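Q: The structure under discussion is supplied below as structure tokens; questions concerning it will follow.
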Amino acid sequence: MKIVAGYFEIYDLMMAIYYAFHSEPVRKSLKSLGVDFDPTPELLAFRNAILKESDWSTRIYTTFMNEFGVISPVLFPVKHKMVDGTAVKIEESIELTPDLMEIIRDRFITVLAVRRLNMKSQELKKLLETSPFTVTEKVEEIEGISADSKWFVNQLLLFPVKAIEFLTSNTRKILKIYEKTGLRSKNLRKVNDFFSSTDPKVIKNSISNYLDYYDLIPDASRPLYVTLQNSVPRSNSGLMSYPTFHLLIMGVEEITKDFIRKIPQEYKLNNLLKAIGDNSRFEILRYLATKPSTQKELADFTGLNKSTISYHINLLFKASLIDIDVFNNVITLRKETLRKLSKTISEIFGL
Amino acid sequence: MSVRLVWVELGELIAISKLITDNSRKIPNDPSGHINTGIDAFIHDIANTAAWNTRTLISTFSELGENFLLFAGEEFEDGSFITLEETIESLNNFEKLGSRFFSSVISKHFGDRQHLLKSCSRDRFLDFLQNQRVLSRSSTWFLTQLLIFPQHTREIFSEALEKLLQSYINSGLRNAITSTAHESLSILTHDRSRAMLTEQLKHLSRAPLGGCVILSIQHLLPDFISAPVKFDEGTLFLLGNSLSIELSKHNHETDLLKEFLRNLSDRTRFCILKALSDEAMYVAQLAELCGLSKATISHHLSALGKLGVLKKSNEGRKVYYSLNKDNLRKIIRDIDNAFLRMEDNR
């Protein structure tokens, strides 16, 4: 399989936005993996500045990115032919020609139709022409996203030019904060150092170890693009699959430290047992065994708050016990891991 | 969708009426025997002492039983226990409860003719009731009475219920069942069980359930699941308690599995079990192998012992520990039961 590692600054920014809204779950889940996450002063400054912004457009922008962040590759598509070490600045990502805008809207419609509205993209397109108000109603019914996100989804569908203007102008605004707090230069420096000092072989080796650890087998017909991010040096997006490529956003230190060596089976098993042996997580897995669910359903079922659920989900994901469909946030139990677990335990104890 | 779990004592009378009328039905598996002797005593008492109105009511219960739950009270609050005395009390509100019952029966059995109830005269409707062949004669009689002589029906109904209550108490059934009912409700109100119940109800009803969903548990027909009873505020089901029996067994097994996995995530305990899987060992050997004190090892061994995964044997003055592989196998098998077979269950 072809693996290409590069840097899309915009994804690093998205990660920083994600962190701003999920500091506690991120800290807790890293902690349980044995990492004391000590956010840099720049990241903290960025978070504080973002949380302080109170105008409506920033609020909508950050809410949308927070809830739909995983589709940022749709909104800011990979325009270049990716090679190792390709670095794309945010300014480049938001340079959107009318042609590109058409493509973005088209892809967004596909993702929205298939993943969130359970219909074919052709149906949604036709509905947009014949009865736009019906589409608005359908968007209104989507579960688990806020009114702000719904507003922006509507803009993208019905007034694409305005929506893209909104997107680029707000990205510029956030970019200023990103710059002013020093997070941008810090991340850029780190990533530059990383690419200039790390042997591409080492990078690919770490990525293979990562795939191996999570039992991920992307199909070989499409290349795997790995883009680095340094805002939260240890945190990855999980594998996302697009028609022509797979995409994985990984933290710099996952490459340079965590996955530099193959993870021993025993360590993996121990992590898995820790993840499954906790009361709440055990209950969550039992619930998921009956049906795939959203985080909101799990919160309702367990009575835990959103941030605690997101922490548990994170850990279950890191133990390969669940899959998260990044496009609609539906969580499924990964039965294969449980089957393997019972097999492994039987083997270890000679049953 | 939220489910309100209730226990309506009337549900037990409805269940036993179904049992009396159709003796091919499965009776409860009852190790203490109290329930089964109670059923026999109840049937005997009814056969010897019940008047015509009680017999007719039993026959009507057996056909329209779950709809009768609508008489049990106006509100069904989650977790409530509604005794027969309270049900008899709520018959004071007969007119309202009666019309709720009436329309639920009509919509269930003559859903397509519901307009009859609204549009045509009472005479024509009565005519229709007399000529339909869907409901038994007892049920038809009861519905007709309800329509023409509501006050009398209330008196007849109330008296028959009093009689059934007496037989229910005298047969010992009330004592035997009331404690079981508390137990099964407490199992079912557990969050996880509730979620599974909700899924099951969605599955059973096939159609979306609007409004509130009320679930009344009875203990005399463990496998019985009623058709949904629809009324203005929501939907009501009468369900046998086999579900709670199954869940409580299940809960115990999965708790053991959870404990076992938690223990296994402790490196020392893992090390101990791994060592014992090869050969039997005594405390000092394990202490040396794991690099810990004997006291620490003993502590871990006693925790593992509680899970039933160890075997002890004495050889001279030494106590040898080994794995209880049969129990271990059982626990591992529960991984499948807890996570992998859920869909097959449905």
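Naming scheme: A, B, ... for chains in displayed order of the structure tokens; residues 1 onward per chain; ligands 1 onward as shown.
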Residues within 6 Å of segment 67-76 of chain B, please, as a list in words. Count only C-alpha atoms; anything in the same chain fewer than 2 positions from it doesn't count.

A: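 Residues meeting the cut-off are Leu64, Gly65, Thr87, Ser90, Leu97 and Phe101 of chain B.
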
Q: Tell me, counting only C-alpha atoms, for each residue of chain B within 7 Å of chain A, which pair of atoms is nearest and how far apart they are in Å to one decimal, in rows ordered by chain and increasing number, as JSON lines.

A:
```
{"residue": "B:Lys258", "atom": "CA", "partner": "A:Gly277", "partner_atom": "CA", "distance": 5.7}
{"residue": "B:Glu259", "atom": "CA", "partner": "A:Gly277", "partner_atom": "CA", "distance": 7.0}
{"residue": "B:Leu261", "atom": "CA", "partner": "A:Gly277", "partner_atom": "CA", "distance": 5.2}
{"residue": "B:Arg262", "atom": "CA", "partner": "A:Gly277", "partner_atom": "CA", "distance": 4.1}
{"residue": "B:Leu264", "atom": "CA", "partner": "A:Leu273", "partner_atom": "CA", "distance": 6.8}
{"residue": "B:Ser265", "atom": "CA", "partner": "A:Leu273", "partner_atom": "CA", "distance": 5.0}
{"residue": "B:Lys274", "atom": "CA", "partner": "A:Phe349", "partner_atom": "CA", "distance": 6.0}
{"residue": "B:Ser277", "atom": "CA", "partner": "A:Phe349", "partner_atom": "CA", "distance": 5.1}
{"residue": "B:Lys325", "atom": "CA", "partner": "A:Leu351", "partner_atom": "CA", "distance": 6.4}
{"residue": "B:Arg329", "atom": "CA", "partner": "A:Leu351", "partner_atom": "CA", "distance": 6.7}
{"residue": "B:Ile332", "atom": "CA", "partner": "A:Ser342", "partner_atom": "CA", "distance": 5.9}
{"residue": "B:Ile335", "atom": "CA", "partner": "A:Ser342", "partner_atom": "CA", "distance": 6.7}
{"residue": "B:Ala338", "atom": "CA", "partner": "A:Arg286", "partner_atom": "CA", "distance": 6.6}
{"residue": "B:Phe339", "atom": "CA", "partner": "A:Ala289", "partner_atom": "CA", "distance": 5.2}
{"residue": "B:Leu340", "atom": "CA", "partner": "A:Lys335", "partner_atom": "CA", "distance": 6.7}
{"residue": "B:Met342", "atom": "CA", "partner": "A:Thr290", "partner_atom": "CA", "distance": 5.6}
{"residue": "B:Glu343", "atom": "CA", "partner": "A:Thr290", "partner_atom": "CA", "distance": 6.3}
```

Q: Could you save the residues just selected, with all heavy atoms, as a CSV table (one decimal), in the first residue's frame?

A:
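File produced: result08.csv:
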```
chain,number,residue,atom,x,y,z
B,258,LYS,N,-17.3,-9.3,33.8
B,258,LYS,CA,-16.7,-7.9,34.0
B,258,LYS,C,-15.6,-7.9,35.1
B,258,LYS,O,-14.5,-7.4,34.9
B,258,LYS,CB,-17.8,-6.9,34.3
B,258,LYS,CG,-17.4,-5.5,34.4
B,258,LYS,CD,-18.6,-4.6,34.5
B,258,LYS,CE,-19.5,-4.9,35.7
B,258,LYS,NZ,-20.8,-4.3,35.7
B,259,GLU,N,-15.9,-8.6,36.2
B,259,GLU,CA,-15.0,-8.7,37.3
B,259,GLU,C,-13.7,-9.4,36.8
B,259,GLU,O,-12.6,-9.0,37.1
B,259,GLU,CB,-15.6,-9.5,38.5
B,259,GLU,CG,-16.4,-8.6,39.4
B,259,GLU,CD,-15.6,-7.3,39.8
B,259,GLU,OE1,-14.5,-7.5,40.3
B,259,GLU,OE2,-16.1,-6.2,39.6
B,261,LEU,N,-12.5,-9.7,33.8
B,261,LEU,CA,-11.7,-8.9,32.9
B,261,LEU,C,-10.9,-7.8,33.6
B,261,LEU,O,-9.8,-7.5,33.3
B,261,LEU,CB,-12.6,-8.3,31.8
B,261,LEU,CG,-13.2,-9.3,30.8
B,261,LEU,CD1,-14.2,-8.7,29.9
B,261,LEU,CD2,-12.1,-10.0,30.0
B,262,ARG,N,-11.6,-7.2,34.6
B,262,ARG,CA,-11.0,-6.2,35.4
B,262,ARG,C,-9.8,-6.8,36.2
B,262,ARG,O,-8.7,-6.2,36.2
B,262,ARG,CB,-12.0,-5.6,36.4
B,262,ARG,CG,-11.5,-4.3,37.0
B,262,ARG,CD,-12.1,-4.0,38.4
B,262,ARG,NE,-13.5,-4.2,38.5
B,262,ARG,CZ,-14.4,-3.4,38.2
B,262,ARG,NH1,-14.0,-2.2,37.7
B,262,ARG,NH2,-15.7,-3.6,38.4
B,264,LEU,N,-8.0,-9.3,35.3
B,264,LEU,CA,-7.0,-9.7,34.3
B,264,LEU,C,-6.2,-8.4,33.9
B,264,LEU,O,-5.1,-8.6,33.4
B,264,LEU,CB,-7.7,-10.3,33.1
B,264,LEU,CG,-7.1,-11.5,32.4
B,264,LEU,CD1,-6.7,-12.5,33.4
B,264,LEU,CD2,-8.0,-12.1,31.4
B,265,SER,N,-6.8,-7.3,34.0
B,265,SER,CA,-6.1,-6.1,33.6
B,265,SER,C,-5.0,-5.6,34.6
B,265,SER,O,-4.2,-4.8,34.4
B,265,SER,CB,-7.0,-4.9,33.3
B,265,SER,OG,-7.5,-4.4,34.5
B,274,LYS,N,-1.3,-16.7,34.6
B,274,LYS,CA,-0.5,-17.2,33.5
B,274,LYS,C,0.4,-18.3,34.0
B,274,LYS,O,0.5,-19.4,33.4
B,274,LYS,CB,0.3,-16.1,32.9
B,274,LYS,CG,1.3,-16.5,31.8
B,274,LYS,CD,0.8,-16.1,30.4
B,274,LYS,CE,1.8,-16.4,29.3
B,274,LYS,NZ,2.1,-17.8,29.2
B,277,SER,N,-1.4,-21.5,34.8
B,277,SER,CA,-1.9,-22.2,33.7
B,277,SER,C,-1.0,-23.3,33.2
B,277,SER,O,-1.4,-24.3,32.6
B,277,SER,CB,-2.3,-21.3,32.5
B,277,SER,OG,-1.1,-20.8,31.9
B,325,LYS,N,-9.9,-24.7,35.1
B,325,LYS,CA,-10.1,-24.3,33.7
B,325,LYS,C,-11.6,-24.4,33.2
B,325,LYS,O,-12.0,-23.7,32.3
B,325,LYS,CB,-9.2,-25.2,32.8
B,325,LYS,CG,-7.7,-24.9,33.1
B,325,LYS,CD,-6.8,-25.4,32.0
B,325,LYS,CE,-5.4,-25.0,32.3
B,325,LYS,NZ,-4.4,-25.4,31.3
B,329,ARG,N,-13.3,-21.4,31.3
B,329,ARG,CA,-13.9,-21.6,30.0
B,329,ARG,C,-15.3,-21.0,30.0
B,329,ARG,O,-15.7,-20.4,29.0
B,329,ARG,CB,-14.0,-23.1,29.6
B,329,ARG,CG,-12.9,-23.5,28.6
B,329,ARG,CD,-13.0,-24.9,28.2
B,329,ARG,NE,-11.7,-25.5,28.4
B,329,ARG,CZ,-11.4,-26.5,29.2
B,329,ARG,NH1,-12.3,-27.0,30.0
B,329,ARG,NH2,-10.1,-26.9,29.3
B,332,ILE,N,-15.1,-17.2,29.8
B,332,ILE,CA,-14.7,-16.8,28.5
B,332,ILE,C,-15.9,-16.9,27.5
B,332,ILE,O,-16.1,-16.0,26.6
B,332,ILE,CB,-13.5,-17.6,27.9
B,332,ILE,CG1,-12.4,-17.6,28.9
B,332,ILE,CG2,-13.1,-17.1,26.5
B,332,ILE,CD1,-11.9,-16.2,29.2
B,335,ILE,N,-18.1,-14.0,27.0
B,335,ILE,CA,-17.8,-12.9,26.2
B,335,ILE,C,-18.7,-12.9,25.0
B,335,ILE,O,-19.3,-11.9,24.5
B,335,ILE,CB,-16.3,-12.9,25.7
B,335,ILE,CG1,-15.4,-12.7,26.9
B,335,ILE,CG2,-16.1,-11.8,24.6
B,335,ILE,CD1,-13.9,-12.7,26.6
B,338,ALA,N,-22.3,-12.1,26.1
B,338,ALA,CA,-22.6,-10.7,26.4
B,338,ALA,C,-22.5,-9.7,25.2
B,338,ALA,O,-23.2,-8.7,25.2
B,338,ALA,CB,-21.6,-10.3,27.5
B,339,PHE,N,-21.7,-10.1,24.3
B,339,PHE,CA,-21.4,-9.1,23.2
B,339,PHE,C,-21.7,-9.5,21.8
B,339,PHE,O,-22.0,-8.7,20.9
B,339,PHE,CB,-20.0,-8.6,23.2
B,339,PHE,CG,-19.6,-8.0,24.5
B,339,PHE,CD1,-18.7,-8.6,25.4
B,339,PHE,CD2,-20.0,-6.7,24.8
B,339,PHE,CE1,-18.4,-8.0,26.6
B,339,PHE,CE2,-19.7,-6.1,26.0
B,339,PHE,CZ,-18.8,-6.8,26.9
B,340,LEU,N,-21.6,-10.8,21.6
B,340,LEU,CA,-21.7,-11.2,20.2
B,340,LEU,C,-23.0,-11.9,19.8
B,340,LEU,O,-23.3,-11.9,18.6
B,340,LEU,CB,-20.5,-12.2,19.9
B,340,LEU,CG,-19.1,-11.6,20.3
B,340,LEU,CD1,-18.0,-12.7,20.2
B,340,LEU,CD2,-18.8,-10.4,19.4
B,342,MET,N,-26.1,-10.9,20.8
B,342,MET,CA,-27.2,-10.0,21.0
B,342,MET,C,-28.2,-10.0,19.9
B,342,MET,O,-29.4,-10.1,20.1
B,342,MET,CB,-26.8,-8.6,21.3
B,342,MET,CG,-25.9,-8.5,22.5
B,342,MET,SD,-26.8,-9.0,24.0
B,342,MET,CE,-27.5,-7.5,24.5
B,343,GLU,N,-27.7,-10.0,18.7
B,343,GLU,CA,-28.6,-9.8,17.6
B,343,GLU,C,-29.4,-11.1,17.3
B,343,GLU,O,-30.5,-11.1,17.0
B,343,GLU,CB,-27.8,-9.4,16.3
B,343,GLU,CG,-27.6,-7.9,16.3
B,343,GLU,CD,-26.4,-7.6,15.4
B,343,GLU,OE1,-26.0,-8.4,14.7
B,343,GLU,OE2,-26.0,-6.4,15.6
```

Q: Among segment 118-345 of chain B, which residues carry a DSSP assignment of alpha helix (DSSP H), reported as a count of residues only?

A: 147

Q: For segment 173-179 of chain B, find every residue with an atom within 12 Å (counting only C-alpha atoms), except residues of its own chain fewer than 5 positions away, and show them as number ranges by chain.

A: B: 7-13, 16, 28, 30-43, 81-84, 164-168, 184-186, 217-220, 241

Q: Please identify the strand (DSSP E or B) residues within segment 188-325 of chain A (assignment by DSSP from backbone atoms) and present them as a PyMOL selection string.

A: chain A and resi 224-229+240-241+246-251+293+322-325

Q: Take the selection from the previous step and output its residues with N, CA and C atoms, as a PDB file, in the first residue's frame.

A:
```pdb
ATOM      1  N   LEU A 224      -2.795   5.928   1.106  1.00  0.00           N
ATOM      2  CA  LEU A 224      -3.123   6.433   2.430  1.00  0.00           C
ATOM      3  C   LEU A 224      -2.369   7.741   2.653  1.00  0.00           C
ATOM      4  N   TYR A 225      -3.107   8.839   2.796  1.00  0.00           N
ATOM      5  CA  TYR A 225      -2.481  10.122   3.109  1.00  0.00           C
ATOM      6  C   TYR A 225      -2.494  10.296   4.616  1.00  0.00           C
ATOM      7  N   VAL A 226      -1.303  10.517   5.157  1.00  0.00           N
ATOM      8  CA  VAL A 226      -1.250  10.802   6.585  1.00  0.00           C
ATOM      9  C   VAL A 226      -0.830  12.257   6.723  1.00  0.00           C
ATOM     10  N   THR A 227      -1.665  13.066   7.374  1.00  0.00           N
ATOM     11  CA  THR A 227      -1.231  14.440   7.587  1.00  0.00           C
ATOM     12  C   THR A 227      -1.019  14.633   9.090  1.00  0.00           C
ATOM     13  N   LEU A 228       0.089  15.292   9.379  1.00  0.00           N
ATOM     14  CA  LEU A 228       0.498  15.437  10.769  1.00  0.00           C
ATOM     15  C   LEU A 228      -0.180  16.634  11.406  1.00  0.00           C
ATOM     16  N   GLN A 229      -0.288  16.582  12.725  1.00  0.00           N
ATOM     17  CA  GLN A 229      -0.719  17.778  13.437  1.00  0.00           C
ATOM     18  C   GLN A 229       0.040  17.838  14.750  1.00  0.00           C
ATOM     19  N   MET A 240     -10.097   7.650   7.814  1.00  0.00           N
ATOM     20  CA  MET A 240     -11.263   8.096   7.041  1.00  0.00           C
ATOM     21  C   MET A 240     -11.068   7.630   5.607  1.00  0.00           C
ATOM     22  N   SER A 241     -12.122   7.141   5.010  1.00  0.00           N
ATOM     23  CA  SER A 241     -11.967   6.645   3.644  1.00  0.00           C
ATOM     24  C   SER A 241     -12.763   7.489   2.669  1.00  0.00           C
ATOM     25  N   HIS A 246      -7.385   7.185   1.363  1.00  0.00           N
ATOM     26  CA  HIS A 246      -7.661   7.116   2.792  1.00  0.00           C
ATOM     27  C   HIS A 246      -6.945   8.274   3.448  1.00  0.00           C
ATOM     28  N   LEU A 247      -7.523   8.779   4.532  1.00  0.00           N
ATOM     29  CA  LEU A 247      -6.881   9.893   5.208  1.00  0.00           C
ATOM     30  C   LEU A 247      -6.799   9.610   6.697  1.00  0.00           C
ATOM     31  N   LEU A 248      -5.647   9.963   7.250  1.00  0.00           N
ATOM     32  CA  LEU A 248      -5.432   9.759   8.668  1.00  0.00           C
ATOM     33  C   LEU A 248      -4.706  10.986   9.187  1.00  0.00           C
ATOM     34  N   ILE A 249      -5.267  11.617  10.223  1.00  0.00           N
ATOM     35  CA  ILE A 249      -4.578  12.754  10.835  1.00  0.00           C
ATOM     36  C   ILE A 249      -3.930  12.250  12.116  1.00  0.00           C
ATOM     37  N   MET A 250      -2.604  12.381  12.188  1.00  0.00           N
ATOM     38  CA  MET A 250      -1.893  11.827  13.345  1.00  0.00           C
ATOM     39  C   MET A 250      -1.080  12.894  14.045  1.00  0.00           C
ATOM     40  N   GLY A 251      -0.913  12.738  15.359  1.00  0.00           N
ATOM     41  CA  GLY A 251      -0.072  13.650  16.120  1.00  0.00           C
ATOM     42  C   GLY A 251       1.398  13.352  15.869  1.00  0.00           C
ATOM     43  N   SER A 293     -24.945   3.139  17.841  1.00  0.00           N
ATOM     44  CA  SER A 293     -25.587   4.278  18.501  1.00  0.00           C
ATOM     45  C   SER A 293     -24.760   5.548  18.356  1.00  0.00           C
ATOM     46  N   ILE A 322     -14.280  -0.236  19.347  1.00  0.00           N
ATOM     47  CA  ILE A 322     -15.394   0.349  18.593  1.00  0.00           C
ATOM     48  C   ILE A 322     -14.881   1.007  17.320  1.00  0.00           C
ATOM     49  N   ASP A 323     -15.769   1.171  16.384  1.00  0.00           N
ATOM     50  CA  ASP A 323     -15.487   1.984  15.209  1.00  0.00           C
ATOM     51  C   ASP A 323     -16.386   3.192  15.272  1.00  0.00           C
ATOM     52  N   ILE A 324     -15.854   4.336  14.863  1.00  0.00           N
ATOM     53  CA  ILE A 324     -16.687   5.532  14.816  1.00  0.00           C
ATOM     54  C   ILE A 324     -16.788   5.952  13.363  1.00  0.00           C
ATOM     55  N   ASP A 325     -17.995   5.988  12.854  1.00  0.00           N
ATOM     56  CA  ASP A 325     -18.166   6.502  11.505  1.00  0.00           C
ATOM     57  C   ASP A 325     -18.009   8.009  11.600  1.00  0.00           C
TER      58      ASP A 325
END
```

Q: Residues within 12 Å of Ser32 of chain A, please, as a PyMOL selection string. Count only C-alpha atoms; anything in the same chain fewer than 3 positions from it doesn't count.

A: chain A and resi 25-29+35-37+271-272+274-275+278+311-312+314-316+318-319

Q: Take the residues from that selection and write them out as a compact mmCIF listing (two decimals), in the first residue's frame, keeping N, CA and C atoms.

A:
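And here is the file that came out, out29.txt:
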```
# COMPACT_ATOMS: atom_id res chain seq x y z
N PRO A 25 -11.88 15.90 28.24
CA PRO A 25 -11.82 14.53 27.73
C PRO A 25 -10.46 14.18 27.11
N VAL A 26 -9.86 15.11 26.40
CA VAL A 26 -8.56 14.83 25.78
C VAL A 26 -7.54 14.54 26.88
N ARG A 27 -7.52 15.39 27.92
CA ARG A 27 -6.56 15.20 29.00
C ARG A 27 -6.78 13.83 29.69
N LYS A 28 -8.06 13.55 29.99
CA LYS A 28 -8.35 12.32 30.72
C LYS A 28 -8.00 11.07 29.91
N SER A 29 -8.32 11.09 28.63
CA SER A 29 -8.09 9.87 27.87
C SER A 29 -6.59 9.67 27.62
N VAL A 35 -0.13 9.02 29.51
CA VAL A 35 0.51 10.26 29.06
C VAL A 35 -0.06 11.43 29.85
N ASP A 36 0.84 12.16 30.51
CA ASP A 36 0.38 13.39 31.15
C ASP A 36 0.45 14.50 30.14
N PHE A 37 -0.68 14.88 29.60
CA PHE A 37 -0.66 15.89 28.55
C PHE A 37 -0.52 17.27 29.17
N ASN A 271 -4.05 -3.00 27.60
CA ASN A 271 -4.88 -1.81 27.29
C ASN A 271 -6.33 -2.19 27.03
N LEU A 272 -6.46 -3.26 26.29
CA LEU A 272 -7.81 -3.74 25.94
C LEU A 272 -8.57 -4.14 27.21
N LYS A 274 -8.04 -3.14 30.25
CA LYS A 274 -8.34 -1.95 31.05
C LYS A 274 -9.56 -1.22 30.50
N ALA A 275 -9.62 -1.18 29.18
CA ALA A 275 -10.74 -0.46 28.55
C ALA A 275 -12.05 -1.17 28.84
N ASP A 278 -13.86 -1.62 32.90
CA ASP A 278 -14.47 -0.51 33.64
C ASP A 278 -15.99 -0.59 33.53
N TYR A 311 -14.93 10.89 26.70
CA TYR A 311 -13.70 10.30 27.23
C TYR A 311 -13.73 8.77 27.11
N HIS A 312 -14.84 8.17 27.51
CA HIS A 312 -14.93 6.70 27.41
C HIS A 312 -14.83 6.23 25.96
N ASN A 314 -13.38 7.67 23.52
CA ASN A 314 -12.00 7.82 23.10
C ASN A 314 -11.17 6.60 23.49
N LEU A 315 -11.34 6.16 24.74
CA LEU A 315 -10.57 5.01 25.22
C LEU A 315 -10.97 3.72 24.52
N LEU A 316 -12.28 3.56 24.33
CA LEU A 316 -12.74 2.35 23.65
C LEU A 316 -12.21 2.33 22.22
N LYS A 318 -9.44 3.74 21.22
CA LYS A 318 -8.00 3.47 21.27
C LYS A 318 -7.71 2.01 21.59
N ALA A 319 -8.70 1.31 22.13
CA ALA A 319 -8.52 -0.12 22.40
C ALA A 319 -9.09 -0.96 21.25
```

Q: Point out the residue among B:His252, B:Lys230, B:Arg269, B:Lys312 with the least atom-to-atom distance to Ser104 of chain B, counting only C-alpha atoms.

A: B:Lys230
